[in-house]
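*Asks:* Have a look at this one before I ask anything.
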Amino acid sequence: MKNVLHILRAEKRYSQDDLAKLVNVSRQTINAIEREKYDPSLPLALKIAKVFQKKVEEIFFLEED
């Protein structure tokens with residue numbers, strides 16, 4: 001799953017650790033999501049969307065073939 005999490009995080013000037021604390025996960029989890037090595041659960045995706053005041057589909061999306 002593709003995402004723009006790193007862009008949104010940079011715009012807010014949040015470190016990976018800052019965001020991890022806000023959504024109650026490890027920094028490594030945020031890093032894996034940003035590198036597209038891990039797809040977040042729906043509850044985690046919703047928490048991330050809430051932090052950035054965005055819809056989940058504005059942050060996470062399927063790659064078009």
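Residues in the structure tokens are named by chain (A, B, ... in the order shown) and by number from 1 within that chain; ligands are numbered from 1 in the order shown.
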Quick one: residues within 9 Å of His6 in chain A, only C-alpha atoms, excluding same-chain residues fewer than 2 positions away - as number ranges by chain?
*Replies:* A: 3-4, 8-11, 16, 31, 34-35
*Asks:* Next, dump the selected residues to file, keeping only C-alpha atoms, as an mmCIF file, in the first residue's frame.
*Replies:*
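Here's the written file selection10.cif:
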data_model
loop_
_atom_site.group_PDB
_atom_site.id
_atom_site.type_symbol
_atom_site.label_atom_id
_atom_site.label_comp_id
_atom_site.auth_asym_id
_atom_site.auth_seq_id
_atom_site.Cartn_x
_atom_site.Cartn_y
_atom_site.Cartn_z
ATOM 1 C CA ASN A 3 1.192 6.367 1.406
ATOM 2 C CA VAL A 4 2.150 10.004 1.816
ATOM 3 C CA LEU A 8 2.450 14.914 6.026
ATOM 4 C CA ARG A 9 4.823 14.287 8.910
ATOM 5 C CA ALA A 10 7.417 16.657 7.431
ATOM 6 C CA GLU A 11 4.787 19.370 6.904
ATOM 7 C CA GLN A 16 8.894 9.584 13.505
ATOM 8 C CA ASN A 31 9.367 3.863 9.776
ATOM 9 C CA GLU A 34 6.614 5.070 5.571
ATOM 10 C CA ARG A 35 8.916 2.645 3.754
#
*Asks:* Within chain A, find each residue whose DSSP state, derived from the backbone, is strand (DSSP E or B), and express the selection as a PyMOL selection string.
*Replies:* chain A and resi 2-3+60-61
*Asks:* Work out how far CA of Pro43 in chain A is from CA of Phe61 in chain A, in Å to one decimal.
*Replies:*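 The value is 15.7 Å.
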*Asks:* May I ask for the distance between CA of Met1 in chain A and CA of Asp17 in chain A, given in Å to one decimal place?
*Replies:* 21.6 Å
*Asks:* So, with only C-alpha atoms as the atoms that count, which of A:Ile33, A:Glu64, A:Val23, A:Leu42 lies closest to Leu5 in chain A?
*Replies:*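 Among the listed residues, A:Ile33 lies closest to Leu5 in chain A.
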*Asks:* Just how far from CA of Lys12 in chain A is CA of Lys54 in chain A, in Å to one decimal?
*Replies:*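 Distance reported for this atom pair: 13.0 Å.
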*Asks:* Write out as a PyMOL selection string all residues of chain A that DSSP puts in helix (DSSP H, G or I) for this structure's backbone.
*Replies:* chain A and resi 5-12+16-23+27-34+42-52+56-59
*Asks:* I'd like the contact shell of Lys47 in chain A - 12 Å cut-off, only C-alpha atoms, skipping same-chain residues fewer than 5 positions apart - returned as a ChimeraX atom specification.
*Replies:* /A:19-25,40-42,52-56,59
*Asks:* From the list A:Ile7, A:Leu62, A:Ser15, A:Ser26, which residue is nearest Asp39 in chain A when using only C-alpha atoms?
*Replies:*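 Comparing A:Ile7, A:Leu62, A:Ser15, A:Ser26 against Asp39 in chain A, the winner is A:Leu62.
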